[in-house]
$ cat final35.cif   # mmCIF, C-alpha atoms
data_upload
loop_
_atom_site.group_PDB
_atom_site.id
_atom_site.type_symbol
_atom_site.label_atom_id
_atom_site.label_comp_id
_atom_site.auth_asym_id
_atom_site.auth_seq_id
_atom_site.Cartn_x
_atom_site.Cartn_y
_atom_site.Cartn_z
ATOM 1 C CA MET H 26 5.076 -27.286 -22.494
ATOM 2 C CA PRO H 27 2.408 -28.569 -20.071
ATOM 3 C CA LEU H 28 0.346 -26.001 -18.193
ATOM 4 C CA ALA H 29 -1.180 -26.186 -14.719
ATOM 5 C CA PRO H 30 -3.192 -23.813 -12.499
ATOM 6 C CA ALA H 31 -1.003 -21.251 -10.769
ATOM 7 C CA ASN H 32 -0.628 -21.763 -7.034
ATOM 8 C CA GLN H 33 -1.090 -19.197 -4.267
ATOM 9 C CA SER H 34 2.557 -18.208 -3.934
ATOM 10 C CA GLN H 35 2.858 -17.344 -7.631
ATOM 11 C CA LEU H 36 -0.304 -15.250 -7.612
ATOM 12 C CA ILE H 37 0.818 -13.357 -4.504
ATOM 13 C CA ARG H 38 4.304 -12.688 -5.894
ATOM 14 C CA SER H 39 2.786 -11.500 -9.159
ATOM 15 C CA SER H 40 0.454 -9.126 -7.343
ATOM 16 C CA GLN H 41 3.275 -7.763 -5.177
ATOM 17 C CA LYS H 42 5.444 -7.105 -8.217
ATOM 18 C CA ASP H 43 2.556 -5.336 -9.974
ATOM 19 C CA GLU H 44 1.948 -3.191 -6.891
ATOM 20 C CA TYR H 45 5.639 -2.253 -6.851
ATOM 21 C CA TYR H 46 5.571 -0.982 -10.421
ATOM 22 C CA GLN H 47 2.199 0.695 -9.907
ATOM 23 C CA ASN H 48 3.583 2.618 -6.928
ATOM 24 C CA PHE H 49 6.649 3.528 -8.972
ATOM 25 C CA LEU H 50 4.431 4.910 -11.751
ATOM 26 C CA ARG H 51 2.211 6.731 -9.240
ATOM 27 C CA ASN H 52 5.168 8.409 -7.566
ATOM 28 C CA ASN H 53 6.567 9.630 -10.868
ATOM 29 C CA VAL H 54 3.209 10.976 -11.990
ATOM 30 C CA ASN H 55 2.619 12.683 -8.637
ATOM 31 C CA GLU H 56 6.084 14.218 -8.657
ATOM 32 C CA ALA H 57 5.676 15.543 -12.205
ATOM 33 C CA PHE H 58 2.215 16.958 -11.497
ATOM 34 C CA GLN H 59 3.338 18.551 -8.231
ATOM 35 C CA THR H 60 6.328 20.134 -9.951
ATOM 36 C CA TYR H 61 4.325 21.754 -12.749
ATOM 37 C CA ALA H 62 0.965 22.409 -11.016
ATOM 38 C CA GLY H 63 1.980 23.016 -7.393
ATOM 39 C CA SER H 64 1.335 21.234 -4.119
ATOM 40 C CA LYS H 65 -2.198 22.613 -3.638
ATOM 41 C CA ARG H 66 -3.525 21.237 -6.911
ATOM 42 C CA TRP H 67 -1.636 18.004 -6.345
ATOM 43 C CA LEU H 68 -3.457 17.518 -3.021
ATOM 44 C CA ASP H 69 -6.790 18.167 -4.786
ATOM 45 C CA TRP H 70 -6.080 15.674 -7.589
ATOM 46 C CA ARG H 71 -3.910 13.075 -5.848
ATOM 47 C CA ARG H 72 -6.536 10.299 -5.942
ATOM 48 C CA GLU H 73 -7.408 11.015 -9.560
ATOM 49 C CA LEU H 74 -3.733 10.885 -10.556
ATOM 50 C CA GLU H 75 -3.382 7.482 -8.868
ATOM 51 C CA LEU H 76 -6.462 6.266 -10.727
ATOM 52 C CA LEU H 77 -5.093 7.443 -14.082
ATOM 53 C CA SER H 78 -1.748 5.782 -13.332
ATOM 54 C CA ASP H 79 -3.434 2.445 -12.593
ATOM 55 C CA LEU H 80 -5.592 2.702 -15.701
ATOM 56 C CA ALA H 81 -2.502 3.448 -17.790
ATOM 57 C CA TYR H 82 -0.597 0.494 -16.302
ATOM 58 C CA TYR H 83 -3.350 -2.043 -16.930
ATOM 59 C CA GLY H 84 -4.330 -0.440 -20.229
ATOM 60 C CA LEU H 85 -0.841 -0.894 -21.650
ATOM 61 C CA THR H 86 -0.581 -4.487 -20.387
ATOM 62 C CA THR H 87 -3.787 -6.404 -19.662
ATOM 63 C CA LEU H 88 -6.154 -4.534 -21.984
ATOM 64 C CA SER H 89 -3.626 -4.687 -24.827
ATOM 65 C CA GLY H 90 -3.319 -8.465 -24.458
ATOM 66 C CA TYR H 91 0.130 -8.535 -22.848
ATOM 67 C CA GLN H 92 1.342 -9.882 -19.532
ATOM 68 C CA THR H 93 1.815 -7.461 -16.695
ATOM 69 C CA LEU H 94 5.305 -7.151 -15.240
ATOM 70 C CA GLY H 95 4.228 -9.253 -12.267
ATOM 71 C CA GLU H 96 2.746 -11.991 -14.447
ATOM 72 C CA GLU H 97 5.891 -12.062 -16.558
ATOM 73 C CA TYR H 98 8.012 -12.222 -13.403
ATOM 74 C CA VAL H 99 6.445 -15.538 -12.289
ATOM 75 C CA ASN H 100 5.634 -16.782 -15.824
ATOM 76 C CA ILE H 101 1.840 -17.057 -15.581
ATOM 77 C CA VAL H 102 -0.815 -16.248 -18.190
ATOM 78 C CA GLN H 103 -4.446 -15.182 -17.897
ATOM 79 C CA VAL H 104 -7.181 -17.549 -19.095
ATOM 80 C CA ASP H 105 -10.959 -17.396 -19.194
ATOM 81 C CA PRO H 106 -13.241 -19.838 -17.290
ATOM 82 C CA THR H 107 -12.763 -22.490 -20.012
ATOM 83 C CA LYS H 108 -8.993 -22.612 -19.251
ATOM 84 C CA ARG H 109 -8.385 -22.951 -23.015
ATOM 85 C CA GLN H 110 -8.002 -19.394 -24.274
ATOM 86 C CA ILE H 111 -7.037 -15.964 -23.063
ATOM 87 C CA PRO H 112 -9.838 -13.670 -21.829
ATOM 88 C CA THR H 113 -11.669 -11.539 -24.331
ATOM 89 C CA ARG H 114 -11.132 -7.792 -24.464
ATOM 90 C CA ALA H 115 -14.527 -7.215 -22.830
ATOM 91 C CA ARG H 116 -13.638 -9.517 -19.936
ATOM 92 C CA ARG H 117 -10.270 -7.795 -19.498
ATOM 93 C CA GLY H 118 -11.949 -4.401 -19.604
ATOM 94 C CA LEU H 119 -14.404 -5.537 -16.913
ATOM 95 C CA PHE H 120 -11.474 -6.592 -14.724
ATOM 96 C CA ILE H 121 -9.775 -3.192 -15.076
ATOM 97 C CA LEU H 122 -13.041 -1.404 -14.345
ATOM 98 C CA CYS H 123 -13.649 -3.455 -11.176
ATOM 99 C CA HIS H 124 -10.029 -3.384 -10.040
ATOM 100 C CA ALA H 125 -9.151 0.292 -10.543
ATOM 101 C CA PHE H 126 -12.223 2.470 -11.056
ATOM 102 C CA LEU H 127 -14.885 0.792 -8.877
ATOM 103 C CA PRO H 128 -12.947 1.081 -5.553
ATOM 104 C CA TYR H 129 -12.226 4.733 -6.324
ATOM 105 C CA LEU H 130 -15.895 5.420 -7.062
ATOM 106 C CA LEU H 131 -17.159 3.552 -3.988
ATOM 107 C CA ASP H 132 -14.756 5.433 -1.726
ATOM 108 C CA LYS H 133 -15.847 8.782 -3.168
ATOM 109 C CA VAL H 134 -19.555 7.995 -2.815
ATOM 110 C CA LEU H 135 -19.279 6.731 0.766
ATOM 111 C CA VAL H 136 -17.130 9.677 1.874
ATOM 112 C CA CYS H 137 -19.539 12.155 0.278
ATOM 113 C CA LEU H 138 -22.503 10.470 1.968
ATOM 114 C CA GLU H 139 -20.748 10.436 5.325
ATOM 115 C CA ASN H 140 -19.770 14.105 5.117
ATOM 116 C CA GLU H 141 -23.232 15.173 3.986
ATOM 117 C CA LEU H 142 -24.970 13.207 6.722
ATOM 118 C CA GLU H 143 -22.666 14.666 9.379
ATOM 119 C CA GLY H 144 -23.141 18.312 8.464
ATOM 120 C CA GLY H 145 -24.798 20.138 5.604
ATOM 121 C CA LEU H 146 -23.187 23.579 5.953
ATOM 122 C CA GLU H 147 -19.618 22.320 6.119
ATOM 123 C CA SER H 148 -20.303 20.018 3.175
ATOM 124 C CA GLN H 149 -21.654 22.934 1.143
ATOM 125 C CA ARG H 150 -18.521 24.953 1.911
ATOM 126 C CA GLY H 151 -16.437 21.981 0.822
ATOM 127 C CA ILE H 152 -18.340 21.874 -2.449
ATOM 128 C CA ASN H 153 -17.668 25.535 -3.081
ATOM 129 C CA ARG H 154 -13.953 25.139 -2.363
ATOM 130 C CA ARG H 155 -13.769 22.094 -4.621
ATOM 131 C CA GLN H 156 -15.569 23.932 -7.407
ATOM 132 C CA VAL H 157 -13.046 26.742 -7.269
ATOM 133 C CA ALA H 158 -10.088 24.339 -7.219
ATOM 134 C CA SER H 159 -11.283 21.738 -9.741
ATOM 135 C CA GLY H 160 -13.989 23.274 -11.871
ATOM 136 C CA TRP H 161 -17.550 22.191 -12.485
ATOM 137 C CA TRP H 162 -16.536 19.042 -14.369
ATOM 138 C CA SER H 163 -14.922 17.366 -11.341
ATOM 139 C CA LEU H 164 -16.431 13.989 -10.448
ATOM 140 C CA GLU H 165 -16.256 14.760 -6.741
ATOM 141 C CA VAL H 166 -18.232 17.979 -7.203
ATOM 142 C CA TRP H 167 -21.027 16.183 -9.031
ATOM 143 C CA LEU H 168 -21.094 13.396 -6.455
ATOM 144 C CA LYS H 169 -21.348 15.909 -3.627
ATOM 145 C CA ARG H 170 -24.145 17.764 -5.378
ATOM 146 C CA TRP H 171 -26.010 14.495 -5.954
ATOM 147 C CA THR H 172 -25.576 13.361 -2.343
ATOM 148 C CA GLN H 173 -26.653 16.793 -1.116
ATOM 149 C CA GLN H 174 -29.893 16.514 -3.068
ATOM 150 C CA ALA H 175 -30.465 12.922 -1.923
ATOM 151 C CA VAL H 176 -29.753 13.645 1.750
ATOM 152 C CA GLY H 177 -31.803 16.842 1.598
ATOM 153 C CA MET H 178 -34.940 14.768 1.053
ATOM 154 C CA LEU H 179 -34.353 12.887 4.342
ATOM 155 C CA SER H 180 -35.638 13.994 7.697
ATOM 156 C CA GLU H 181 -33.365 14.440 10.704
ATOM 157 C CA PRO H 182 -34.258 11.034 12.260
ATOM 158 C CA GLN H 183 -33.641 9.351 8.928
ATOM 159 C CA ARG H 184 -30.220 10.981 8.699
ATOM 160 C CA LYS H 185 -29.300 9.683 12.134
ATOM 161 C CA VAL H 186 -30.291 6.190 11.007
ATOM 162 C CA CYS H 187 -28.425 6.381 7.690
ATOM 163 C CA LEU H 188 -25.111 7.550 9.185
ATOM 164 C CA PRO H 189 -24.419 4.260 11.033
ATOM 165 C CA VAL H 190 -25.482 2.396 7.892
ATOM 166 C CA VAL H 191 -22.732 4.127 5.898
ATOM 167 C CA PHE H 192 -20.200 3.218 8.582
ATOM 168 C CA VAL H 193 -21.363 -0.411 8.590
ATOM 169 C CA LEU H 194 -21.102 -0.506 4.796
ATOM 170 C CA GLN H 195 -17.528 0.771 4.938
ATOM 171 C CA GLN H 196 -16.598 -1.866 7.496
ATOM 172 C CA SER H 197 -18.391 -4.529 5.448
ATOM 173 C CA LEU H 198 -16.201 -3.798 2.431
ATOM 174 C CA THR H 199 -13.100 -4.357 4.556
ATOM 175 C CA PHE H 200 -14.603 -7.552 5.979
ATOM 176 C CA LEU H 201 -15.458 -8.777 2.464
ATOM 177 C CA HIS H 202 -11.895 -8.199 1.286
ATOM 178 C CA ARG H 203 -10.415 -10.076 4.256
ATOM 179 C CA LEU H 204 -12.887 -12.939 3.773
ATOM 180 C CA HIS H 205 -12.011 -13.174 0.087
ATOM 181 C CA VAL H 206 -8.274 -13.324 0.833
ATOM 182 C CA ALA H 207 -8.853 -16.088 3.400
ATOM 183 C CA LEU H 208 -10.884 -18.072 0.867
ATOM 184 C CA PHE H 209 -8.113 -17.556 -1.682
ATOM 185 C CA TYR H 210 -5.617 -19.134 0.701
ATOM 186 C CA VAL H 211 -7.889 -22.168 0.928
ATOM 187 C CA SER H 212 -8.918 -22.542 -2.720
ATOM 188 C CA GLY H 213 -6.064 -20.767 -4.546
ATOM 189 C CA SER H 214 -8.289 -19.554 -7.397
ATOM 190 C CA PHE H 215 -8.729 -15.771 -7.299
ATOM 191 C CA TYR H 216 -6.517 -13.383 -5.358
ATOM 192 C CA HIS H 217 -8.532 -10.264 -6.297
ATOM 193 C CA LEU H 218 -12.282 -9.746 -6.195
ATOM 194 C CA SER H 219 -12.049 -8.043 -9.580
ATOM 195 C CA LYS H 220 -10.604 -11.180 -11.201
ATOM 196 C CA ARG H 221 -13.337 -13.291 -9.610
ATOM 197 C CA ALA H 222 -15.974 -10.917 -11.005
ATOM 198 C CA ALA H 223 -14.390 -11.066 -14.474
ATOM 199 C CA GLY H 224 -13.750 -14.831 -14.317
ATOM 200 C CA ILE H 225 -10.014 -14.466 -15.015
ATOM 201 C CA SER H 226 -7.733 -17.178 -13.638
ATOM 202 C CA TYR H 227 -4.100 -18.109 -14.293
ATOM 203 C CA LEU H 228 -2.106 -20.994 -15.728
ATOM 204 C CA ARG H 229 1.612 -21.544 -15.247
ATOM 205 C CA VAL H 230 4.254 -23.559 -17.033
ATOM 206 C CA MET H 231 4.808 -26.737 -15.048
ATOM 207 C CA GLY H 232 8.330 -27.172 -13.708
ATOM 208 C CA LEU H 233 10.245 -30.243 -12.741
ATOM 209 C CA ASN H 234 9.755 -29.751 -8.987
ATOM 210 C CA GLY H 235 6.771 -31.401 -7.383
ATOM 211 C CA ASP H 236 6.274 -29.192 -4.363
ATOM 212 C CA ASP H 237 3.010 -27.673 -5.594
ATOM 213 C CA GLY H 238 0.939 -29.860 -3.267
ATOM 214 C CA THR H 239 3.026 -28.812 -0.267
ATOM 215 C CA ILE H 240 2.595 -25.136 -1.135
ATOM 216 C CA ARG H 241 -1.163 -25.451 -1.468
ATOM 217 C CA SER H 242 -1.419 -27.395 1.815
ATOM 218 C CA SER H 243 0.540 -24.692 3.644
ATOM 219 C CA TYR H 244 -1.696 -21.956 2.292
ATOM 220 C CA ARG H 245 -4.815 -23.945 3.198
ATOM 221 C CA LEU H 246 -3.598 -23.995 6.791
ATOM 222 C CA LEU H 247 -3.016 -20.229 6.596
ATOM 223 C CA GLY H 248 -6.505 -19.773 5.162
ATOM 224 C CA ALA H 249 -8.084 -21.745 7.994
ATOM 225 C CA ALA H 250 -6.209 -19.615 10.546
ATOM 226 C CA SER H 251 -7.305 -16.435 8.720
ATOM 227 C CA LEU H 252 -10.947 -17.532 8.764
ATOM 228 C CA LEU H 253 -10.717 -18.281 12.487
ATOM 229 C CA GLN H 254 -9.147 -14.889 13.165
ATOM 230 C CA LEU H 255 -11.816 -13.176 11.081
ATOM 231 C CA LEU H 256 -14.574 -14.983 12.981
ATOM 232 C CA ILE H 257 -13.092 -13.917 16.312
ATOM 233 C CA THR H 258 -12.765 -10.328 15.082
ATOM 234 C CA VAL H 259 -16.404 -10.219 14.023
ATOM 235 C CA CYS H 260 -17.545 -11.609 17.365
ATOM 236 C CA LEU H 261 -15.466 -9.022 19.238
ATOM 237 C CA GLN H 262 -16.814 -6.191 17.116
ATOM 238 C CA LEU H 263 -20.392 -7.310 17.675
ATOM 239 C CA ASN H 264 -19.748 -7.510 21.411
ATOM 240 C CA ASN H 265 -18.194 -4.029 21.425
ATOM 241 C CA PHE H 266 -21.143 -2.698 19.452
ATOM 242 C CA ARG H 267 -23.599 -4.093 21.988
ATOM 243 C CA GLN H 268 -21.576 -2.614 24.836
ATOM 244 C CA ARG H 269 -21.502 0.793 23.155
ATOM 245 C CA GLN H 270 -25.236 0.681 22.612
ATOM 246 C CA ARG H 271 -25.818 -0.221 26.265
ATOM 247 C CA ALA H 272 -23.403 2.493 27.438
ATOM 248 C CA ARG H 273 -25.110 5.030 25.185
ATOM 249 C CA GLN H 274 -28.527 4.213 26.625
ATOM 250 C CA GLU H 275 -27.224 4.392 30.195
ATOM 251 C CA TRP H 276 -25.496 7.681 29.456
ATOM 252 C CA LYS H 277 -28.672 9.208 28.012
ATOM 253 C CA LEU H 278 -30.663 7.998 31.012
ATOM 254 C CA TYR H 279 -28.091 9.413 33.434
ATOM 255 C CA ARG H 280 -28.042 12.780 31.654
ATOM 256 C CA ASN H 281 -31.836 12.996 31.683
ATOM 257 C CA LEU H 282 -32.078 12.120 35.375
ATOM 258 C CA SER H 283 -29.182 14.311 36.530
ATOM 259 C CA PRO H 284 -30.186 17.787 37.745
ATOM 260 C CA GLN H 285 -28.963 20.624 35.572
ATOM 261 C CA ARG H 286 -26.903 23.051 37.569
ATOM 262 C CA THR H 287 -26.342 26.640 36.607
ATOM 263 C CA LEU H 288 -22.814 27.184 35.446
ATOM 264 C CA SER H 289 -20.951 30.084 36.985
ATOM 265 C CA PRO H 290 -18.271 32.003 35.051
ATOM 266 C CA GLY H 291 -15.577 30.254 37.059
ATOM 267 C CA SER H 292 -16.825 26.745 36.198
ATOM 268 C CA ARG H 293 -16.092 26.831 32.474
ATOM 269 C CA ALA H 294 -13.358 24.238 32.940
ATOM 270 C CA ALA H 295 -16.069 21.676 33.787
ATOM 271 C CA ARG H 296 -17.577 21.936 30.326
ATOM 272 C CA CYS H 297 -17.012 19.488 27.510
ATOM 273 C CA ILE H 298 -15.676 21.378 24.500
ATOM 274 C CA LEU H 299 -17.510 19.012 22.133
ATOM 275 C CA CYS H 300 -21.083 19.273 23.443
ATOM 276 C CA LEU H 301 -20.529 22.586 25.348
ATOM 277 C CA GLU H 302 -22.368 21.164 28.335
ATOM 278 C CA GLU H 303 -21.312 20.025 31.780
ATOM 279 C CA ARG H 304 -19.049 17.006 31.530
ATOM 280 C CA ARG H 305 -20.590 13.641 32.329
ATOM 281 C CA HIS H 306 -18.353 10.643 32.953
ATOM 282 C CA SER H 307 -15.227 12.721 32.390
ATOM 283 C CA THR H 308 -12.661 10.968 30.208
ATOM 284 C CA SER H 309 -9.082 12.056 29.568
ATOM 285 C CA THR H 310 -7.341 11.614 26.214
ATOM 286 C CA PRO H 311 -3.576 10.926 25.999
ATOM 287 C CA CYS H 312 -2.986 14.661 25.487
ATOM 288 C CA GLY H 313 -4.648 15.438 28.844
ATOM 289 C CA HIS H 314 -7.881 17.086 27.647
ATOM 290 C CA LEU H 315 -11.159 16.129 29.326
ATOM 291 C CA PHE H 316 -14.368 15.228 27.487
ATOM 292 C CA CYS H 317 -17.626 13.436 28.096
ATOM 293 C CA TRP H 318 -17.217 9.710 27.535
ATOM 294 C CA GLU H 319 -20.042 9.644 25.007
ATOM 295 C CA CYS H 320 -18.798 12.710 23.139
ATOM 296 C CA ILE H 321 -15.214 11.527 22.669
ATOM 297 C CA THR H 322 -16.224 7.979 21.677
ATOM 298 C CA GLU H 323 -18.704 9.249 19.095
ATOM 299 C CA TRP H 324 -16.120 11.669 17.741
ATOM 300 C CA CYS H 325 -13.532 8.901 17.406
ATOM 301 C CA ASN H 326 -16.013 6.627 15.638
ATOM 302 C CA THR H 327 -16.986 9.247 13.059
ATOM 303 C CA LYS H 328 -13.581 10.852 12.537
ATOM 304 C CA VAL H 329 -11.358 7.777 12.366
ATOM 305 C CA ARG H 330 -11.594 7.624 8.578
ATOM 306 C CA LEU H 331 -10.826 11.307 8.144
ATOM 307 C CA LEU H 332 -7.826 11.009 10.464
ATOM 308 C CA ALA H 333 -6.535 8.054 8.446
ATOM 309 C CA GLN H 334 -6.832 10.039 5.223
ATOM 310 C CA LEU H 335 -5.078 12.988 6.850
ATOM 311 C CA ALA H 336 -2.245 10.710 7.993
ATOM 312 C CA ILE H 337 -1.841 9.369 4.446
ATOM 313 C CA THR H 338 -1.770 12.901 3.041
ATOM 314 C CA LEU H 339 0.806 14.064 5.597
ATOM 315 C CA LYS H 340 2.943 11.010 4.886
ATOM 316 C CA SER H 341 2.823 11.718 1.147
ATOM 317 C CA CYS H 342 3.761 15.360 1.733
ATOM 318 C CA LYS H 343 6.666 14.263 3.938
ATOM 319 C CA GLU H 344 7.903 11.878 1.243
ATOM 320 C CA LYS H 345 7.680 14.588 -1.404
ATOM 321 C CA PHE H 346 9.505 17.048 0.843
ATOM 322 C CA THR H 347 12.271 14.487 1.454
ATOM 323 C CA LEU H 348 12.637 13.783 -2.267
ATOM 324 C CA ASN H 349 12.749 17.457 -3.172
ATOM 325 C CA ASN H 350 15.476 18.113 -0.582
#
$ encode --input "final35.cif" --output "structure tokens"
Amino acid sequence: MPLAPANQSQLIRSSQKDEYYQNFLRNNVNEAFQTYAGSKRWLDWRRELELLSDLAYYGLTTLSGYQTLGEEYVNIVQVDPTKRQIPTRARRGLFILCHAFLPYLLDKVLVCLENELEGGLESQRGINRRQVASGWWSLEVWLKRWTQQAVGMLSEPQRKVCLPVVFVLQQSLTFLHRLHVALFYVSGSFYHLSKRAAGISYLRVMGLNGDDGTIRSSYRLLGAASLLQLLITVCLQLNNFRQRQRARQEWKLYRNLSPQRTLSPGSRAARCILCLEERRHSTSTPCGHLFCWECITEWCNTKVRLLAQLAITLKSCKEKFTLNN
């Protein structure tokens, strides 16, 4: 039967079906591990269990030379850049490494760097707790020890410079992913960065319907809208960054020029609980607590990732609690 390049809708449906079965495998592995090892160890090893589940899924399908469940669902096959044969085992192994292990490793390295740059003592305590829970052979323990040694060679001004760089790098990875998806809508070649790096594309069995051109045109329009939205988002973020920098400089100037007044025992309510100094430009959070504008904005910028991870963990615990009951 004649073959043709797979269009965007088939690649997206295949990826969604693969994600469904990956989540199904992850949930079963997490439930089994939590049942036999306990909730505490499951929280310590949750990311590693997800990584092993993904490696098992792609190892039993792609690495073994078989279609994944998503590829079989839409009847597409992997091919190398020549479009004449299936990818070699080395190329398939490179795809699995980039798709499953590399994001896990990058996330671990960036989080370790961020935590070490923010505070050395708390990071050292975290290392000790992780060593007790996971042993000396844990990847996270070795990464934290390596980052501690690397950051220890930096001076305090260099640490202050490197911390925003880590944040920018994290945001750049998200921007790169969104840009790649927008380009996929336009070109229809690679839906994942890992497949682009490995040079793996897809062919499909041609059907009798001739609506492939309409599908590709619709996705090109979606890709153009996505690129426009991404451009606007970048411009807004750059504008917000400039405004924050200007507000930070004005705040520092105002604090340096303002006279320092002696705090009496009855004026403790006027202190900011973050900097432990007299509040400047008092700002109220939705819960009603008052902080310095600079203090609360800096805290939100540095803790947003940790809060997101905490929300994911609490959601997973809630799901496990619901399943167990």
$ closest_residue --input "final35.cif" --among "H:Ser219, H:Thr322, H:Ser242, H:Gln254" --to "Asn32 (chain H)" --atoms "all atoms listed in the file"
H:Ser242
$ closest_residue --input "final35.cif" --among "H:Ser226, H:Leu94, H:Ala207, H:Gln268" --to "Leu246 (chain H)" --atoms "all atoms listed in the file"
H:Ala207
$ closest_residue --input "final35.cif" --among "H:Ser214, H:Asn264, H:Asn140, H:Gln195" --to "Pro106 (chain H)" --atoms "only C-alpha atoms"
H:Ser214
$ closest_residue --input "final35.cif" --among "H:Arg304, H:Val99, H:Ala57, H:Glu181" --to "Ile37 (chain H)" --atoms "all atoms listed in the file"
H:Val99
$ atom_distance --input "final35.cif" --atom1 "CA of Leu138 (chain H)" --atom2 "CA of Val191 (chain H)"
7.5 Å
$ atom_distance --input "final35.cif" --atom1 "CA of Cys317 (chain H)" --atom2 "CA of Arg305 (chain H)"
5.2 Å
$ closest_residue --input "final35.cif" --among "H:Arg269, H:Val211, H:Thr60, H:Cys260" --to "Ser243 (chain H)" --atoms "all atoms listed in the file"
H:Val211
$ axis_aligned_box --input "final35.cif" --around "region 241-252 of chain H" --padding-each-side "5 Å" --output "AutoDock Vina command-line options"
--center_x -5.2 --center_y -21.9 --center_z 4.5 --size_x 21.5 --size_y 21.0 --size_z 22.0
$ atom_distance --input "final35.cif" --atom1 "CA of Gln262 (chain H)" --atom2 "CA of Leu194 (chain H)"
14.2 Å
$ residues_around --input "final35.cif" --residues "region 86-93 of chain H" --least-positions-apart "4" --cutoff "10 Å" --atoms "all atoms listed in the file" --output "JSON, numbers by chain"
{"H": [39, 40, 42, 43, 46, 80, 81, 82, 97, 98, 100, 101, 102, 103, 111, 112, 113, 114, 115, 116, 117, 118, 119, 120, 121]}
$ resolve_selection --input "final35.cif" --expression "the PyMOL selection byres ((chain H and resi 79) around 9)" --output "PDB file with C-alpha atoms, keeping the file's coordinate frame"
ATOM      1  CA  GLN H  47       2.199   0.695  -9.907  1.00  0.00           C
ATOM      2  CA  LEU H  50       4.431   4.910 -11.751  1.00  0.00           C
ATOM      3  CA  ARG H  51       2.211   6.731  -9.240  1.00  0.00           C
ATOM      4  CA  LEU H  74      -3.733  10.885 -10.556  1.00  0.00           C
ATOM      5  CA  GLU H  75      -3.382   7.482  -8.868  1.00  0.00           C
ATOM      6  CA  LEU H  76      -6.462   6.266 -10.727  1.00  0.00           C
ATOM      7  CA  LEU H  77      -5.093   7.443 -14.082  1.00  0.00           C
ATOM      8  CA  SER H  78      -1.748   5.782 -13.332  1.00  0.00           C
ATOM      9  CA  LEU H  80      -5.592   2.702 -15.701  1.00  0.00           C
ATOM     10  CA  ALA H  81      -2.502   3.448 -17.790  1.00  0.00           C
ATOM     11  CA  TYR H  82      -0.597   0.494 -16.302  1.00  0.00           C
ATOM     12  CA  TYR H  83      -3.350  -2.043 -16.930  1.00  0.00           C
ATOM     13  CA  GLY H  84      -4.330  -0.440 -20.229  1.00  0.00           C
ATOM     14  CA  ILE H 121      -9.775  -3.192 -15.076  1.00  0.00           C
ATOM     15  CA  ALA H 125      -9.151   0.292 -10.543  1.00  0.00           C
ATOM     16  CA  PHE H 126     -12.223   2.470 -11.056  1.00  0.00           C
TER      17      PHE H 126
END
$ resolve_selection --input "final35.cif" --expression "the PyMOL selection byres ((chain H and resi 212) around 9)" --output "number ranges by chain"
H: 33, 207-211, 213-215, 241, 244-245, 248
$ residues_near_point --input "final35.cif" --point "(-8.4, 16.7, 31.2)" --cutoff "12 Å" --atoms "only C-alpha atoms" --output "list in words"
Ala294, Ala295, Arg296, Cys297, Ile298, Arg304, His306, Ser307, Thr308, Ser309, Thr310, Pro311, Cys312, Gly313, His314, Leu315, Phe316, Cys317 and Trp318 of chain H
$ write_last_selection --input "final35.cif" --atoms "C-alpha atoms" --output "PDB file, in the frame of the given file"
ATOM      1  CA  ALA H 294     -13.358  24.238  32.940  1.00  0.00           C
ATOM      2  CA  ALA H 295     -16.069  21.676  33.787  1.00  0.00           C
ATOM      3  CA  ARG H 296     -17.577  21.936  30.326  1.00  0.00           C
ATOM      4  CA  CYS H 297     -17.012  19.488  27.510  1.00  0.00           C
ATOM      5  CA  ILE H 298     -15.676  21.378  24.500  1.00  0.00           C
ATOM      6  CA  ARG H 304     -19.049  17.006  31.530  1.00  0.00           C
ATOM      7  CA  HIS H 306     -18.353  10.643  32.953  1.00  0.00           C
ATOM      8  CA  SER H 307     -15.227  12.721  32.390  1.00  0.00           C
ATOM      9  CA  THR H 308     -12.661  10.968  30.208  1.00  0.00           C
ATOM     10  CA  SER H 309      -9.082  12.056  29.568  1.00  0.00           C
ATOM     11  CA  THR H 310      -7.341  11.614  26.214  1.00  0.00           C
ATOM     12  CA  PRO H 311      -3.576  10.926  25.999  1.00  0.00           C
ATOM     13  CA  CYS H 312      -2.986  14.661  25.487  1.00  0.00           C
ATOM     14  CA  GLY H 313      -4.648  15.438  28.844  1.00  0.00           C
ATOM     15  CA  HIS H 314      -7.881  17.086  27.647  1.00  0.00           C
ATOM     16  CA  LEU H 315     -11.159  16.129  29.326  1.00  0.00           C
ATOM     17  CA  PHE H 316     -14.368  15.228  27.487  1.00  0.00           C
ATOM     18  CA  CYS H 317     -17.626  13.436  28.096  1.00  0.00           C
ATOM     19  CA  TRP H 318     -17.217   9.710  27.535  1.00  0.00           C
TER      20      TRP H 318
END
$ closest_residue --input "final35.cif" --among "H:Ala29, H:Cys300, H:Gln110, H:His124" --to "Arg221 (chain H)" --atoms "only C-alpha atoms"
H:His124
$ residues_around --input "final35.cif" --residues "Asn55 (chain H)" --least-positions-apart "4" --cutoff "12 Å" --atoms "all atoms listed in the file" --output "list in words"
Asn48, Phe49, Leu50, Arg51, Gln59, Thr60, Tyr61, Ala62, Gly63, Ser64, Arg66, Trp67, Leu68, Asp69, Trp70, Arg71, Arg72, Glu73, Leu74, Glu75, Leu76, Leu77, Ser78, Ser341, Cys342, Glu344, Lys345 and Leu348 of chain H
$ residues_around --input "final35.cif" --residues "region 183-189 of chain H" --least-positions-apart "4" --cutoff "10 Å" --atoms "all atoms listed in the file" --output "PyMOL selection string"
chain H and resi 138-143+176-179+193-195+326-327
$ residues_around --input "final35.cif" --residues "Arg203 (chain H)" --least-positions-apart "5" --cutoff "10 Å" --atoms "all atoms listed in the file" --output "ChimeraX atom specification"
/H:197-198,208-209,251-252,255
